[in-house]
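J.: Sending over a structure as structure tokens; questions will come in a sec.
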Amino acid sequence: MEVFELVWFYFTMMMLGLSMAAPPGPINAMITLASLQSNLKGTAIGAGAMTADLIFYFIIFLIKGLIPSELIKFLYGIGGLYTAFLGLLAIKSKMIFKIKTGGSYLMGLIMGITNPYQIAWWISFGIVMLDRFGILSGIGFFSGIALWIFTYPYSIKKAGKISMKVEKLIKMISALVLICIGLYMIMLFIISF
């Protein structure tokens with residue numbers, strides 16, 4: 001890979017990780033509430049959820065070789081549809097502020113490891129991501145998640161809350177990235193026949 005291609009690849013994977021971490025949902029609601037108390041508490045919850053993703057990433061890496069190539073080709077279509085669907089869900093999502101926990105790393109890990117959306121994404125698109133882009137895709141992907149879990153709590157602590165305009169912008173950018181990547185994977189599925 002040339003330097004420009006490597007930088008573009010890293011940026012693309014980072015945007016994918018960021019777009020998966022940013023949409024409003026239970027984990028980001030917990031991060032928001034905990035961040036109002038302290039940046040560290042918000043980041044700890046995000047780090048727990050990211051650890052769940054790392055666990056799924058390594059499980060997929062270990063079992064990918066056992067999956068027949070025909071099934072992986074089929075997962076391109078399923079993963080693409082599911083990722084685009086998550087993009088559409090991101091548009092309709094709302095920040096949930098009913099959780100009454102201070103938050104912790106363990107809470108983020110438990111929520112991440114039991115989150116059906118996270119599990120389904122790794123089974124469908126996660127396998128495709130590793131098949132298509134290789135193990136190096138994880139560097140950019142997890143950089144995007146890390147960027148979110150360190151900057152989001154800090155910005156919440158500074159602002160004291162998240163404005164509706166900022167929430168809408170986050171949702172729209174995340175949705176656009178997820179939908180575009182989903183459509184790209186669907187296109188790869190179609191041309192593979």
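Ligands are numbered from 1 in the order shown, residues from 1 within each chain, and chains are lettered A, B, ... in the order they appear in the structure tokens.
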Considering only helix (DSSP H, G or I) as DSSP defines it on the backbone, what residues of segment 10-124 of chain A qualify? List them as a PyMOL selection string.
T.: chain A and resi 10-21+26-37+39-66+69-92+105-114+116-124
J.: Dump as JSON lines the rows for residues of segment 16-130 of chain A within 8 Å of segment 138-151 of chain A: closest atom pair and distance in Å with one decimal, only C-alpha atoms counted, ordered by chain and rising residue number.
T.:
{"residue": "A:Leu16", "atom": "CA", "partner": "A:Phe141", "partner_atom": "CA", "distance": 6.1}
{"residue": "A:Gly17", "atom": "CA", "partner": "A:Phe141", "partner_atom": "CA", "distance": 4.3}
{"residue": "A:Leu18", "atom": "CA", "partner": "A:Gly144", "partner_atom": "CA", "distance": 4.3}
{"residue": "A:Ser19", "atom": "CA", "partner": "A:Gly144", "partner_atom": "CA", "distance": 7.9}
{"residue": "A:Met20", "atom": "CA", "partner": "A:Ile145", "partner_atom": "CA", "distance": 7.6}
{"residue": "A:Ala21", "atom": "CA", "partner": "A:Ile145", "partner_atom": "CA", "distance": 5.7}
{"residue": "A:Ala22", "atom": "CA", "partner": "A:Trp148", "partner_atom": "CA", "distance": 6.8}
{"residue": "A:Gly42", "atom": "CA", "partner": "A:Ile149", "partner_atom": "CA", "distance": 7.6}
{"residue": "A:Thr43", "atom": "CA", "partner": "A:Ile149", "partner_atom": "CA", "distance": 5.3}
{"residue": "A:Gly46", "atom": "CA", "partner": "A:Ile149", "partner_atom": "CA", "distance": 5.1}
{"residue": "A:Ala47", "atom": "CA", "partner": "A:Ile149", "partner_atom": "CA", "distance": 6.8}
{"residue": "A:Met50", "atom": "CA", "partner": "A:Ile145", "partner_atom": "CA", "distance": 6.9}
{"residue": "A:Tyr57", "atom": "CA", "partner": "A:Gly138", "partner_atom": "CA", "distance": 7.9}
J.: Suppose we keep C-alpha atoms; can you now write the selection as a compact mmCIF listing (two decimals), in the first residue's frame?
T.:
# COMPACT_ATOMS: atom_id res chain seq x y z
CA LEU A 16 -16.44 3.38 10.72
CA GLY A 17 -15.44 2.93 14.38
CA LEU A 18 -16.53 6.47 15.20
CA SER A 19 -19.85 6.01 13.42
CA MET A 20 -20.52 2.81 15.38
CA ALA A 21 -19.67 4.46 18.71
CA ALA A 22 -21.42 7.81 18.28
CA GLY A 42 -17.78 8.46 31.23
CA THR A 43 -14.60 7.19 29.60
CA GLY A 46 -16.97 3.66 26.95
CA ALA A 47 -13.78 1.66 27.56
CA MET A 50 -14.97 -0.99 23.57
CA TYR A 57 -13.11 -8.80 17.17
J.: Find the spatial neighbours of segment 69-75 of chain A, counting only C-alpha atoms, within a cut-off of 7 Å - ignore same-chain residues fewer than 2 positions away - and output them as a ChimeraX atom specification.
T.: /A:67,77-79,124,128,189
J.: Let me see the file: selected residues, N, CA and C atoms, as a short mmCIF file (atom, residue, chain, number, x, y, z; two decimals), in the first residue's frame.
T.:
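So the final result, stored in part.cif, reads:
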data_model
loop_
_atom_site.label_atom_id
_atom_site.label_comp_id
_atom_site.auth_asym_id
_atom_site.auth_seq_id
_atom_site.Cartn_x
_atom_site.Cartn_y
_atom_site.Cartn_z
N ILE A 67 -15.01 -20.47 8.57
CA ILE A 67 -16.25 -20.16 7.86
C ILE A 67 -16.02 -20.34 6.36
N GLY A 77 -23.66 -9.37 1.89
CA GLY A 77 -25.01 -8.83 1.69
C GLY A 77 -25.71 -8.60 3.01
N ILE A 78 -25.66 -9.59 3.90
CA ILE A 78 -26.33 -9.47 5.20
C ILE A 78 -25.68 -8.34 6.03
N GLY A 79 -24.35 -8.32 6.07
CA GLY A 79 -23.64 -7.29 6.83
C GLY A 79 -23.91 -5.90 6.28
N SER A 124 -22.25 -10.36 11.47
CA SER A 124 -22.47 -10.08 10.05
C SER A 124 -21.33 -9.23 9.47
N VAL A 128 -17.10 -9.72 7.72
CA VAL A 128 -16.82 -9.13 6.41
C VAL A 128 -15.66 -8.14 6.51
N PHE A 189 -21.30 -7.52 -2.58
CA PHE A 189 -22.05 -8.77 -2.59
C PHE A 189 -22.65 -9.01 -3.98
#
J.: May I have the residues within 12 Å of Leu89 of chain A as a PyMOL selection string, using only C-alpha atoms and disregarding those fewer than 3 positions away in the same chain?
T.: chain A and resi 20+23-25+82-86+92-94+117+171-172+174-176+178-179
J.: Provide the atom CA of Gly80 of chain A to atom CA of Leu183 of chain A distance in Å, to one decimal place.
T.: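 Between these atoms lies a distance of 6.0 Å.
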J.: Expressed in Å to a single decimal, how great is the separation between atom CA of Ile60 of chain A and atom CA of Ile127 of chain A?
T.: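 Distance between the two atoms: 6.1 Å.
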J.: Suppose you want the space between atom CA of Ile59 of chain A and atom CA of Phe9 of chain A; what is it in Å?
T.: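 Atom CA of Phe9 of chain A lies 22.9 Å from atom CA of Ile59 of chain A.
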